[in-house]
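Participant: Have a peek at input_15.pdb (PDB, C-alpha atoms).
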```pdb
ATOM      1  CA  MET A   1     -20.046   8.157   6.591
ATOM      2  CA  LEU A   2     -16.414   8.250   7.703
ATOM      3  CA  ASP A   3     -13.984  11.161   7.354
ATOM      4  CA  VAL A   4     -10.347  10.565   8.335
ATOM      5  CA  ARG A   5      -8.106  13.628   8.573
ATOM      6  CA  ASN A   6      -4.326  13.715   9.013
ATOM      7  CA  LEU A   7      -4.174  10.472  11.005
ATOM      8  CA  LYS A   8      -0.780   9.684  12.550
ATOM      9  CA  THR A   9       0.134   6.514  14.442
ATOM     10  CA  TYR A  10       3.644   5.983  15.793
ATOM     11  CA  PHE A  11       5.369   3.051  17.498
ATOM     12  CA  SER A  12       8.234   3.290  19.984
ATOM     13  CA  THR A  13      10.990   0.738  19.365
ATOM     14  CA  ASP A  14      14.580   0.166  20.452
ATOM     15  CA  GLU A  15      15.700   1.522  17.070
ATOM     16  CA  GLY A  16      13.638   4.688  17.387
ATOM     17  CA  GLU A  17      10.174   5.960  16.593
ATOM     18  CA  VAL A  18       8.367   4.243  13.712
ATOM     19  CA  ARG A  19       5.862   6.403  11.854
ATOM     20  CA  ALA A  20       3.596   3.603  10.681
ATOM     21  CA  VAL A  21       0.821   6.003   9.654
ATOM     22  CA  ASP A  22       2.032   9.507   8.890
ATOM     23  CA  GLY A  23      -0.705  11.964   7.935
ATOM     24  CA  VAL A  24      -3.336   9.781   6.241
ATOM     25  CA  SER A  25      -6.596  11.397   5.069
ATOM     26  CA  PHE A  26      -9.562   9.890   3.215
ATOM     27  CA  ALA A  27     -13.359   9.772   3.310
ATOM     28  CA  ILE A  28     -15.920   7.040   2.660
ATOM     29  CA  ALA A  29     -19.443   7.879   1.484
ATOM     30  CA  ARG A  30     -22.529   5.758   1.993
ATOM     31  CA  GLY A  31     -22.620   2.920  -0.526
ATOM     32  CA  GLU A  32     -19.009   3.462  -1.623
ATOM     33  CA  ILE A  33     -16.069   1.053  -1.718
ATOM     34  CA  LEU A  34     -12.688   2.669  -1.099
ATOM     35  CA  CYS A  35      -9.715   0.357  -1.675
ATOM     36  CA  LEU A  36      -6.533   1.048   0.290
ATOM     37  CA  VAL A  37      -3.611  -0.535  -1.577
ATOM     38  CA  GLY A  38       0.136  -0.779  -1.213
ATOM     39  CA  GLU A  39       3.033  -3.124  -0.452
ATOM     40  CA  SER A  40       3.131  -5.198   2.715
ATOM     41  CA  GLY A  41       4.301  -3.085   5.631
ATOM     42  CA  CYS A  42       3.167   0.265   4.209
ATOM     43  CA  GLY A  43       0.687   0.874   7.064
ATOM     44  CA  LYS A  44      -2.641  -0.332   5.691
ATOM     45  CA  SER A  45      -3.633  -2.573   8.616
ATOM     46  CA  VAL A  46      -2.340  -0.113  11.214
ATOM     47  CA  THR A  47      -4.555   2.530   9.605
ATOM     48  CA  ALA A  48      -7.586   0.271  10.021
ATOM     49  CA  MET A  49      -6.715  -0.550  13.641
ATOM     50  CA  SER A  50      -6.196   3.140  14.392
ATOM     51  CA  LEU A  51      -9.711   4.021  13.246
ATOM     52  CA  LEU A  52     -11.253   1.862  15.960
ATOM     53  CA  GLY A  53      -8.753   2.501  18.744
ATOM     54  CA  LEU A  54      -7.292  -1.009  18.503
ATOM     55  CA  VAL A  55      -3.603  -0.106  18.280
ATOM     56  CA  PRO A  56      -1.827  -1.784  21.235
ATOM     57  CA  SER A  57      -0.415   0.781  23.629
ATOM     58  CA  PRO A  58       2.445   0.555  24.358
ATOM     59  CA  PRO A  59       4.281   0.499  22.009
ATOM     60  CA  GLY A  60       1.805   2.145  19.607
ATOM     61  CA  ARG A  61      -0.114   5.384  19.955
ATOM     62  CA  VAL A  62      -2.288   7.554  17.727
ATOM     63  CA  VAL A  63      -0.614  10.943  18.044
ATOM     64  CA  ALA A  64      -2.741  13.159  15.786
ATOM     65  CA  GLY A  65      -5.709  13.365  13.470
ATOM     66  CA  GLU A  66      -9.484  13.105  13.435
ATOM     67  CA  VAL A  67     -11.707  10.095  12.719
ATOM     68  CA  LEU A  68     -15.187  11.530  12.188
ATOM     69  CA  LEU A  69     -18.177   9.187  12.076
ATOM     70  CA  ALA A  70     -21.387  10.673  10.692
ATOM     71  CA  PRO A  71     -24.464  10.863  12.974
ATOM     72  CA  GLU A  72     -26.516   7.682  13.032
ATOM     73  CA  GLN A  73     -29.613   9.379  11.657
ATOM     74  CA  GLU A  74     -28.933  11.598   8.659
ATOM     75  CA  GLY A  75     -30.986  14.768   8.632
ATOM     76  CA  GLY A  76     -32.127  14.123  12.182
ATOM     77  CA  ASP A  77     -31.781  16.435  15.144
ATOM     78  CA  GLY A  78     -28.620  18.128  13.867
ATOM     79  CA  ALA A  79     -26.235  15.926  15.838
ATOM     80  CA  SER A  80     -22.601  16.475  14.991
ATOM     81  CA  ALA A  81     -20.156  13.821  13.842
ATOM     82  CA  LEU A  82     -18.459  11.729  16.522
ATOM     83  CA  ASP A  83     -14.661  12.007  16.618
ATOM     84  CA  LEU A  84     -13.563   8.487  17.483
ATOM     85  CA  ARG A  85     -10.135   9.747  18.539
ATOM     86  CA  LYS A  86     -11.758  11.705  21.366
ATOM     87  CA  ALA A  87     -14.343   9.056  22.247
ATOM     88  CA  SER A  88     -14.205   7.251  25.562
ATOM     89  CA  GLU A  89     -13.656   3.493  25.717
ATOM     90  CA  SER A  90     -17.351   3.091  26.508
ATOM     91  CA  GLU A  91     -18.327   5.068  23.399
ATOM     92  CA  LEU A  92     -15.899   3.067  21.263
ATOM     93  CA  ARG A  93     -17.426  -0.192  22.496
ATOM     94  CA  GLN A  94     -20.801   1.034  21.266
ATOM     95  CA  VAL A  95     -19.346   1.902  17.852
ATOM     96  CA  ARG A  96     -17.271  -1.246  17.281
ATOM     97  CA  GLY A  97     -19.422  -3.975  15.800
ATOM     98  CA  ARG A  98     -22.571  -1.883  15.693
ATOM     99  CA  ARG A  99     -21.742   1.175  13.566
ATOM    100  CA  ILE A 100     -18.315   0.146  12.261
ATOM    101  CA  ALA A 101     -17.546  -3.533  11.779
ATOM    102  CA  MET A 102     -14.257  -5.127  10.815
ATOM    103  CA  ILE A 103     -13.295  -8.329   9.024
ATOM    104  CA  PHE A 104      -9.767  -9.305  10.051
ATOM    105  CA  GLN A 105      -7.174 -10.998   7.849
ATOM    106  CA  ASP A 106      -7.134 -14.478   9.365
ATOM    107  CA  PRO A 107     -10.501 -15.903  10.472
ATOM    108  CA  MET A 108      -8.818 -18.817  12.247
ATOM    109  CA  THR A 109      -7.089 -16.502  14.704
ATOM    110  CA  SER A 110     -10.019 -14.054  14.878
ATOM    111  CA  LEU A 111     -12.558 -16.648  15.993
ATOM    112  CA  ASN A 112     -12.304 -18.146  19.478
ATOM    113  CA  PRO A 113     -11.391 -21.842  19.074
ATOM    114  CA  TYR A 114     -12.972 -22.730  22.438
ATOM    115  CA  LEU A 115     -16.475 -21.426  21.623
ATOM    116  CA  THR A 116     -18.995 -22.545  19.036
ATOM    117  CA  VAL A 117     -19.807 -20.229  16.171
ATOM    118  CA  GLY A 118     -23.329 -19.802  17.586
ATOM    119  CA  VAL A 119     -22.034 -18.512  20.923
ATOM    120  CA  GLN A 120     -19.731 -16.028  19.209
ATOM    121  CA  LEU A 121     -22.442 -14.720  16.889
ATOM    122  CA  THR A 122     -25.146 -14.368  19.527
ATOM    123  CA  GLU A 123     -22.711 -12.593  21.859
ATOM    124  CA  VAL A 124     -22.572  -9.717  19.349
ATOM    125  CA  LEU A 125     -26.365  -9.446  19.388
ATOM    126  CA  GLU A 126     -26.469  -9.602  23.180
ATOM    127  CA  VAL A 127     -23.931  -6.797  23.604
ATOM    128  CA  HIS A 128     -25.227  -4.404  20.955
ATOM    129  CA  MET A 129     -28.896  -5.294  20.396
ATOM    130  CA  ARG A 130     -29.890  -6.680  23.827
ATOM    131  CA  MET A 131     -31.097  -9.793  21.995
ATOM    132  CA  ARG A 132     -30.818 -13.127  23.808
ATOM    133  CA  GLY A 133     -31.958 -16.733  23.637
ATOM    134  CA  GLU A 134     -33.866 -18.121  20.706
ATOM    135  CA  PRO A 135     -34.430 -14.780  18.911
ATOM    136  CA  ALA A 136     -30.670 -14.171  18.877
ATOM    137  CA  ARG A 137     -30.016 -17.681  17.613
ATOM    138  CA  GLU A 138     -32.597 -17.273  14.848
ATOM    139  CA  ARG A 139     -31.055 -13.972  13.794
ATOM    140  CA  ALA A 140     -27.582 -15.554  13.729
ATOM    141  CA  ALA A 141     -28.831 -18.450  11.599
ATOM    142  CA  GLN A 142     -30.525 -16.045   9.180
ATOM    143  CA  MET A 143     -27.269 -14.109   8.762
ATOM    144  CA  LEU A 144     -25.273 -17.285   8.120
ATOM    145  CA  THR A 145     -27.791 -18.202   5.441
ATOM    146  CA  SER A 146     -27.549 -14.733   3.887
ATOM    147  CA  VAL A 147     -23.778 -15.109   3.462
ATOM    148  CA  GLY A 148     -24.205 -18.408   1.666
ATOM    149  CA  ILE A 149     -23.709 -20.988   4.440
ATOM    150  CA  SER A 150     -26.046 -23.955   4.132
ATOM    151  CA  ASP A 151     -27.432 -25.862   7.128
ATOM    152  CA  ALA A 152     -27.064 -22.693   9.194
ATOM    153  CA  GLU A 153     -28.823 -24.080  12.276
ATOM    154  CA  GLN A 154     -26.383 -26.978  12.440
ATOM    155  CA  ARG A 155     -23.391 -24.744  11.756
ATOM    156  CA  LEU A 156     -24.169 -22.723  14.875
ATOM    157  CA  ASN A 157     -23.100 -25.761  16.891
ATOM    158  CA  ASP A 158     -19.756 -26.125  15.088
ATOM    159  CA  TYR A 159     -16.372 -24.959  16.323
ATOM    160  CA  PRO A 160     -14.101 -22.932  14.006
ATOM    161  CA  HIS A 161     -11.703 -25.843  13.441
ATOM    162  CA  GLU A 162     -14.568 -27.870  11.965
ATOM    163  CA  MET A 163     -14.963 -25.370   9.108
ATOM    164  CA  SER A 164     -12.952 -24.659   5.984
ATOM    165  CA  GLY A 165     -11.162 -21.341   5.515
ATOM    166  CA  GLY A 166     -13.860 -20.053   3.182
ATOM    167  CA  ILE A 167     -16.674 -20.927   5.595
ATOM    168  CA  ARG A 168     -14.809 -19.320   8.518
ATOM    169  CA  GLN A 169     -14.409 -16.141   6.489
ATOM    170  CA  ARG A 170     -18.138 -16.158   5.737
ATOM    171  CA  VAL A 171     -18.778 -16.504   9.464
ATOM    172  CA  MET A 172     -16.605 -13.432  10.060
ATOM    173  CA  ILE A 173     -18.599 -11.498   7.458
ATOM    174  CA  ALA A 174     -21.869 -12.622   9.072
ATOM    175  CA  MET A 175     -20.591 -11.506  12.477
ATOM    176  CA  ALA A 176     -19.590  -8.122  11.056
ATOM    177  CA  LEU A 177     -23.013  -7.541   9.488
ATOM    178  CA  LEU A 178     -25.221  -8.806  12.311
ATOM    179  CA  CYS A 179     -25.951  -5.307  13.622
ATOM    180  CA  GLU A 180     -26.320  -3.712  10.173
ATOM    181  CA  PRO A 181     -23.320  -1.349  10.493
ATOM    182  CA  ASP A 182     -22.825   1.841   8.490
ATOM    183  CA  VAL A 183     -19.157   1.133   7.671
ATOM    184  CA  LEU A 184     -17.370  -2.162   7.000
ATOM    185  CA  ILE A 185     -13.573  -2.438   7.203
ATOM    186  CA  ALA A 186     -12.354  -5.517   5.341
ATOM    187  CA  ASP A 187      -8.643  -6.084   5.986
ATOM    188  CA  GLU A 188      -7.472  -8.405   3.190
ATOM    189  CA  PRO A 189     -10.532 -10.651   3.640
ATOM    190  CA  THR A 190      -9.382 -13.182   1.037
ATOM    191  CA  THR A 191      -5.871 -13.834   2.368
ATOM    192  CA  ALA A 192      -4.870 -17.539   2.204
ATOM    193  CA  LEU A 193      -8.069 -18.514   0.362
ATOM    194  CA  ASP A 194      -8.039 -20.240  -3.020
ATOM    195  CA  VAL A 195      -9.058 -18.278  -6.106
ATOM    196  CA  THR A 196     -12.597 -19.656  -6.308
ATOM    197  CA  ILE A 197     -13.375 -18.855  -2.676
ATOM    198  CA  GLN A 198     -11.768 -15.412  -3.060
ATOM    199  CA  ALA A 199     -14.155 -14.601  -5.885
ATOM    200  CA  GLN A 200     -17.146 -15.784  -3.843
ATOM    201  CA  ILE A 201     -16.158 -13.713  -0.797
ATOM    202  CA  LEU A 202     -15.616 -10.556  -2.851
ATOM    203  CA  ALA A 203     -18.888 -11.047  -4.726
ATOM    204  CA  LEU A 204     -20.624 -11.457  -1.383
ATOM    205  CA  ILE A 205     -19.175  -8.192  -0.034
ATOM    206  CA  ARG A 206     -20.221  -6.373  -3.207
ATOM    207  CA  GLN A 207     -23.737  -7.840  -3.029
ATOM    208  CA  LEU A 208     -24.190  -6.867   0.619
ATOM    209  CA  GLN A 209     -22.767  -3.399   0.005
ATOM    210  CA  GLU A 210     -25.156  -2.747  -2.867
ATOM    211  CA  GLY A 211     -28.116  -4.093  -0.909
ATOM    212  CA  THR A 212     -27.563  -2.202   2.342
ATOM    213  CA  GLY A 213     -25.691   0.976   1.354
ATOM    214  CA  LEU A 214     -22.616   0.036   3.376
ATOM    215  CA  GLY A 215     -19.565   2.218   3.150
ATOM    216  CA  VAL A 216     -16.624  -0.192   2.706
ATOM    217  CA  LEU A 217     -12.917   0.253   3.329
ATOM    218  CA  LEU A 218     -11.308  -2.690   1.517
ATOM    219  CA  ILE A 219      -7.618  -3.197   2.295
ATOM    220  CA  THR A 220      -5.661  -5.242  -0.228
ATOM    221  CA  HIS A 221      -2.436  -5.479  -2.205
ATOM    222  CA  ASP A 222      -4.146  -7.232  -5.125
ATOM    223  CA  LEU A 223      -4.725  -4.734  -7.942
ATOM    224  CA  GLY A 224      -7.002  -7.197  -9.715
ATOM    225  CA  VAL A 225      -9.342  -7.055  -6.725
ATOM    226  CA  VAL A 226      -9.137  -3.262  -6.791
ATOM    227  CA  ALA A 227     -10.124  -3.093 -10.459
ATOM    228  CA  ASN A 228     -13.202  -5.256  -9.859
ATOM    229  CA  MET A 229     -14.341  -3.864  -6.510
ATOM    230  CA  ALA A 230     -13.343  -0.234  -5.970
ATOM    231  CA  ASP A 231     -15.193   2.991  -6.600
ATOM    232  CA  ARG A 232     -12.148   4.952  -5.428
ATOM    233  CA  VAL A 233      -8.546   3.991  -4.687
ATOM    234  CA  ALA A 234      -6.015   5.277  -2.153
ATOM    235  CA  VAL A 235      -2.425   4.192  -2.862
ATOM    236  CA  MET A 236      -0.253   4.007   0.278
ATOM    237  CA  TYR A 237       3.514   4.013   0.563
ATOM    238  CA  ALA A 238       5.653   4.215   3.723
ATOM    239  CA  GLY A 239       2.783   5.366   5.910
ATOM    240  CA  ARG A 240       1.398   7.995   3.546
ATOM    241  CA  ILE A 241      -1.245   8.088   0.813
ATOM    242  CA  VAL A 242       0.617   9.157  -2.322
ATOM    243  CA  GLU A 243      -2.288   9.084  -4.779
ATOM    244  CA  GLN A 244      -6.053   8.957  -4.404
ATOM    245  CA  GLY A 245      -8.961   9.144  -6.824
ATOM    246  CA  PRO A 246     -11.595   7.293  -8.868
ATOM    247  CA  VAL A 247     -10.516   3.783  -9.828
ATOM    248  CA  GLU A 248     -10.925   4.297 -13.584
ATOM    249  CA  ALA A 249      -8.841   7.471 -13.599
ATOM    250  CA  ILE A 250      -5.990   5.953 -11.620
ATOM    251  CA  PHE A 251      -5.853   2.746 -13.658
ATOM    252  CA  ASP A 252      -6.093   4.594 -16.974
ATOM    253  CA  ASP A 253      -3.663   7.414 -16.120
ATOM    254  CA  PRO A 254      -1.598   6.918 -12.947
ATOM    255  CA  LYS A 255       0.222  10.095 -11.933
ATOM    256  CA  HIS A 256       2.511   9.056  -9.084
ATOM    257  CA  PRO A 257       5.598   7.015 -10.140
ATOM    258  CA  TYR A 258       4.836   4.442  -7.431
ATOM    259  CA  THR A 259       1.277   3.903  -8.700
ATOM    260  CA  ALA A 260       2.595   3.597 -12.248
ATOM    261  CA  GLY A 261       5.168   1.048 -11.086
ATOM    262  CA  LEU A 262       2.547  -1.069  -9.353
ATOM    263  CA  LEU A 263       0.365  -1.136 -12.453
ATOM    264  CA  ARG A 264       3.304  -1.977 -14.747
ATOM    265  CA  SER A 265       4.074  -5.007 -12.591
ATOM    266  CA  LEU A 266       0.691  -6.608 -13.306
ATOM    267  CA  PRO A 267       0.956  -9.647 -15.617
ATOM    268  CA  GLN A 268      -0.780  -9.248 -18.983
ATOM    269  CA  LEU A 269      -2.855 -12.027 -20.519
ATOM    270  CA  SER A 270      -2.272 -10.818 -24.078
ATOM    271  CA  GLY A 271       0.929 -10.144 -25.985
ATOM    272  CA  PRO A 272       4.324 -11.860 -25.819
ATOM    273  CA  CYS A 273       5.571 -13.488 -22.637
ATOM    274  CA  GLU A 274       8.074 -11.066 -21.109
ATOM    275  CA  THR A 275       9.792 -10.543 -17.786
ATOM    276  CA  LEU A 276       7.594  -8.407 -15.529
ATOM    277  CA  PRO A 277       8.915  -4.942 -14.724
ATOM    278  CA  VAL A 278       9.776  -4.482 -11.052
ATOM    279  CA  ILE A 279      10.208  -1.493  -8.778
ATOM    280  CA  PRO A 280      13.896  -1.579  -7.778
ATOM    281  CA  GLY A 281      15.045  -1.399  -4.184
ATOM    282  CA  LEU A 282      13.075  -1.705  -0.959
ATOM    283  CA  PRO A 283      10.762   0.554   1.061
ATOM    284  CA  PRO A 284      12.523   2.810   3.594
ATOM    285  CA  PRO A 285      13.452   1.107   6.870
ATOM    286  CA  ALA A 286      11.119   1.422   9.846
ATOM    287  CA  GLY A 287      11.913   4.515  11.848
ATOM    288  CA  SER A 288      13.385   6.459   8.933
ATOM    289  CA  THR A 289      12.799  10.214   9.379
ATOM    290  CA  GLU A 290      14.853  11.590   6.501
ATOM    291  CA  ARG A 291      13.451  14.620   4.692
ATOM    292  CA  GLY A 292      12.208  14.483   1.152
ATOM    293  CA  CYS A 293      10.108  11.962  -0.726
ATOM    294  CA  SER A 294      10.220   8.483   0.795
ATOM    295  CA  PHE A 295       9.944   6.954  -2.691
ATOM    296  CA  ALA A 296      12.972   8.865  -4.059
ATOM    297  CA  PRO A 297      15.497   5.965  -3.721
ATOM    298  CA  ARG A 298      13.301   3.756  -5.942
ATOM    299  CA  CYS A 299      11.893   6.336  -8.367
ATOM    300  CA  ASP A 300      12.901   6.347 -12.045
ATOM    301  CA  ARG A 301      12.046  10.063 -12.314
ATOM    302  CA  VAL A 302      13.795  11.321  -9.190
ATOM    303  CA  MET A 303      15.083  14.927  -9.074
ATOM    304  CA  ASP A 304      17.391  16.799  -6.696
ATOM    305  CA  ARG A 305      14.509  18.390  -4.787
ATOM    306  CA  CYS A 306      12.971  14.973  -4.155
ATOM    307  CA  TRP A 307      15.812  14.271  -1.700
ATOM    308  CA  GLN A 308      15.593  17.623   0.071
ATOM    309  CA  GLN A 309      11.935  18.698   0.266
ATOM    310  CA  ASP A 310       8.740  16.951   1.264
ATOM    311  CA  PRO A 311       6.552  16.631  -1.861
ATOM    312  CA  PRO A 312       3.468  18.871  -2.162
ATOM    313  CA  THR A 313      -0.080  17.651  -2.569
ATOM    314  CA  VAL A 314      -1.380  18.326  -6.073
ATOM    315  CA  ARG A 315      -5.105  18.360  -6.739
ATOM    316  CA  TRP A 316      -5.907  16.798 -10.087
ATOM    317  CA  GLY A 317      -9.486  17.230 -11.196
ATOM    318  CA  SER A 318     -12.454  16.316  -9.039
ATOM    319  CA  GLY A 319     -11.752  14.109  -6.028
ATOM    320  CA  ARG A 320      -8.192  13.233  -7.047
ATOM    321  CA  HIS A 321      -4.832  14.217  -5.587
ATOM    322  CA  VAL A 322      -1.203  13.210  -5.960
ATOM    323  CA  VAL A 323       1.720  13.802  -3.569
ATOM    324  CA  CYS A 324       4.705  14.398  -5.859
ATOM    325  CA  HIS A 325       7.311  16.951  -7.034
ATOM    326  CA  LEU A 326       6.925  16.204 -10.750
ATOM    327  CA  ASP A 327       6.213  19.378 -12.720
ATOM    328  CA  ASP A 328       4.101  17.659 -15.378
ATOM    329  CA  ILE A 329       1.567  16.638 -12.718
ATOM    330  CA  ALA A 330       0.648  20.280 -12.048
ATOM    331  CA  THR A 331      -0.920  21.290 -15.380
ATOM    332  CA  GLU A 332      -3.664  23.816 -15.895
ATOM    333  CA  ASP A 333      -6.056  21.246 -14.387
ATOM    334  CA  GLY A 334      -3.848  20.688 -11.353
ATOM    335  CA  GLU A 335      -3.316  22.878  -8.334
ATOM    336  CA  ARG A 336      -0.420  22.663  -5.890
ATOM    337  CA  ARG A 337      -1.009  23.291  -2.221
TER     338      ARG A 337
END
```
Mind converting the file's structure to structure tokens?
Facilitator:
Amino acid sequence: MLDVRNLKTYFSTDEGEVRAVDGVSFAIARGEILCLVGESGCGKSVTAMSLLGLVPSPPGRVVAGEVLLAPEQEGGDGASALDLRKASESELRQVRGRRIAMIFQDPMTSLNPYLTVGVQLTEVLEVHMRMRGEPARERAAQMLTSVGISDAEQRLNDYPHEMSGGIRQRVMIAMALLCEPDVLIADEPTTALDVTIQAQILALIRQLQEGTGLGVLLITHDLGVVANMADRVAVMYAGRIVEQGPVEAIFDDPKHPYTAGLLRSLPQLSGPCETLPVIPGLPPPAGSTERGCSFAPRCDRVMDRCWQQDPPTVRWGSGRHVVCHLDDIATEDGERR
């Protein structure tokens, strides 16, 4: 459904140019959940904003890449994919909310505090579906019910501040799914929610994805969520995807030292209580343009060439690749390029 190729998004600052997204590529198939993971500040949210042309300019700008959205009707009249990077603002307005929907991190700041939930939901239907009045209100109430909100008709009259965080997040999900999109971008949809509500929200996304064939880009830093939700995983560090592949393969046998470090830092429920391993150091500062591997200062397997040369991309089996200099990654099953 969505094919992202060599996406680059830079920001101009007083300290220099910040390469927030620096050559990111991934694809999402129909009915697939791709989890984008990494530390805070690695570029996950900027990647999501770049897909829909939402990066504020200035200071940000998408400088390169393709964002290809599959034709609306598969096997139809042979229409080609739409490159959202080349689309006009009018074309993007037709795509946002209708073909690609997004759930933002904080529902309290994403919902308008001055308008009732009903007004905000029916506005989506009016813009994209030309649906107004009572039919739009009925459709909005049905969607609230489908995401597990009781007394949906009454809730349409409520303002966001009258709802709990979990209910507001369900409203955001309902708003995203009103027009039955092909792709859903969920940017840390369970941030600031308690554990019980987190589980309910994630179960809801999984249920809707399985029922409608949504392609989902789920952005998170919680590897527990990844293990339960993902079909494939893309691990991001300093603006680049350093490892990508099926979730089982990456969890069972991580190849990149950064991926291995993230998995080692997960607490274990069995065995003796020990101090959790940590990845030493900090990510490179914003605006850093030094050559070589950006993870080299923190890597426990660093070599001389890691400081001097950009790491190659190594294909590892079907649908998996790693960006690393390590020789033992490129076995007879691997291929450097």
Participant: Hey, can you pull every residue with an atom no more than 12 Å from (-25.6, -24.2, 16.1), using all atoms listed in the file, and send it as a PDB file with C-alpha atoms, keeping the file's coordinate frame?
Facilitator:
```
ATOM      1  CA  LEU A 115     -16.475 -21.426  21.623  1.00  0.00           C
ATOM      2  CA  THR A 116     -18.995 -22.545  19.036  1.00  0.00           C
ATOM      3  CA  VAL A 117     -19.807 -20.229  16.171  1.00  0.00           C
ATOM      4  CA  GLY A 118     -23.329 -19.802  17.586  1.00  0.00           C
ATOM      5  CA  VAL A 119     -22.034 -18.512  20.923  1.00  0.00           C
ATOM      6  CA  GLN A 120     -19.731 -16.028  19.209  1.00  0.00           C
ATOM      7  CA  LEU A 121     -22.442 -14.720  16.889  1.00  0.00           C
ATOM      8  CA  THR A 122     -25.146 -14.368  19.527  1.00  0.00           C
ATOM      9  CA  GLU A 134     -33.866 -18.121  20.706  1.00  0.00           C
ATOM     10  CA  ALA A 136     -30.670 -14.171  18.877  1.00  0.00           C
ATOM     11  CA  ARG A 137     -30.016 -17.681  17.613  1.00  0.00           C
ATOM     12  CA  GLU A 138     -32.597 -17.273  14.848  1.00  0.00           C
ATOM     13  CA  ARG A 139     -31.055 -13.972  13.794  1.00  0.00           C
ATOM     14  CA  ALA A 140     -27.582 -15.554  13.729  1.00  0.00           C
ATOM     15  CA  ALA A 141     -28.831 -18.450  11.599  1.00  0.00           C
ATOM     16  CA  GLN A 142     -30.525 -16.045   9.180  1.00  0.00           C
ATOM     17  CA  LEU A 144     -25.273 -17.285   8.120  1.00  0.00           C
ATOM     18  CA  SER A 150     -26.046 -23.955   4.132  1.00  0.00           C
ATOM     19  CA  ASP A 151     -27.432 -25.862   7.128  1.00  0.00           C
ATOM     20  CA  ALA A 152     -27.064 -22.693   9.194  1.00  0.00           C
ATOM     21  CA  GLU A 153     -28.823 -24.080  12.276  1.00  0.00           C
ATOM     22  CA  GLN A 154     -26.383 -26.978  12.440  1.00  0.00           C
ATOM     23  CA  ARG A 155     -23.391 -24.744  11.756  1.00  0.00           C
ATOM     24  CA  LEU A 156     -24.169 -22.723  14.875  1.00  0.00           C
ATOM     25  CA  ASN A 157     -23.100 -25.761  16.891  1.00  0.00           C
ATOM     26  CA  ASP A 158     -19.756 -26.125  15.088  1.00  0.00           C
ATOM     27  CA  TYR A 159     -16.372 -24.959  16.323  1.00  0.00           C
ATOM     28  CA  PRO A 160     -14.101 -22.932  14.006  1.00  0.00           C
TER      29      PRO A 160
END
```
Participant: Compare A:Pro312, A:Pro267, A:Pro284, A:Gly245 by their minimum atom-to-atom distance to Leu36 (chain A), counting only C-alpha atoms, and give me the closest one.
Facilitator: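 Closest residue, counting only C-alpha atoms: A:Gly245.
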Participant: Take the PyMOL selection byres ((chain A and resi 250-253) around 10), run it mentally on this structure, and tell me the resulting residues as a ChimeraX atom specification.
Facilitator: /A:223,226-227,232-235,243-249,254-256,259-260,263,320
Participant: Go through A:Leu266, A:Met229, A:Val55, A:Ala101 one by one, measure the shortest atom-to-atom distance of each to Ala174 (chain A) using all atoms listed in the file, and give the residue with the smallest value.
Facilitator: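 Checking each of A:Leu266, A:Met229, A:Val55, A:Ala101 against Ala174 (chain A), counting all atoms listed in the file, the winner is A:Ala101.
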Participant: Assuming the chain letters and numbering stay as they are in my file, what does the PyMOL selection byres ((chain A and resi 324) around 7) actually select? List them as JSON, numbers by chain.
Facilitator: {"A": [256, 311, 312, 313, 322, 323, 325, 326]}
Participant: In Å, how far is it from CA of Glu15 (chain A) to CA of Gly239 (chain A)?
Facilitator: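 A separation of 17.5 Å between them.
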Participant: Which of these, A:Arg168, A:Val278, A:Ile173, A:Ala199, has the shortest distance to Asn228 (chain A) once you count only C-alpha atoms?
Facilitator: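 Counting only C-alpha atoms, the residue closest to Asn228 (chain A) is A:Ala199.
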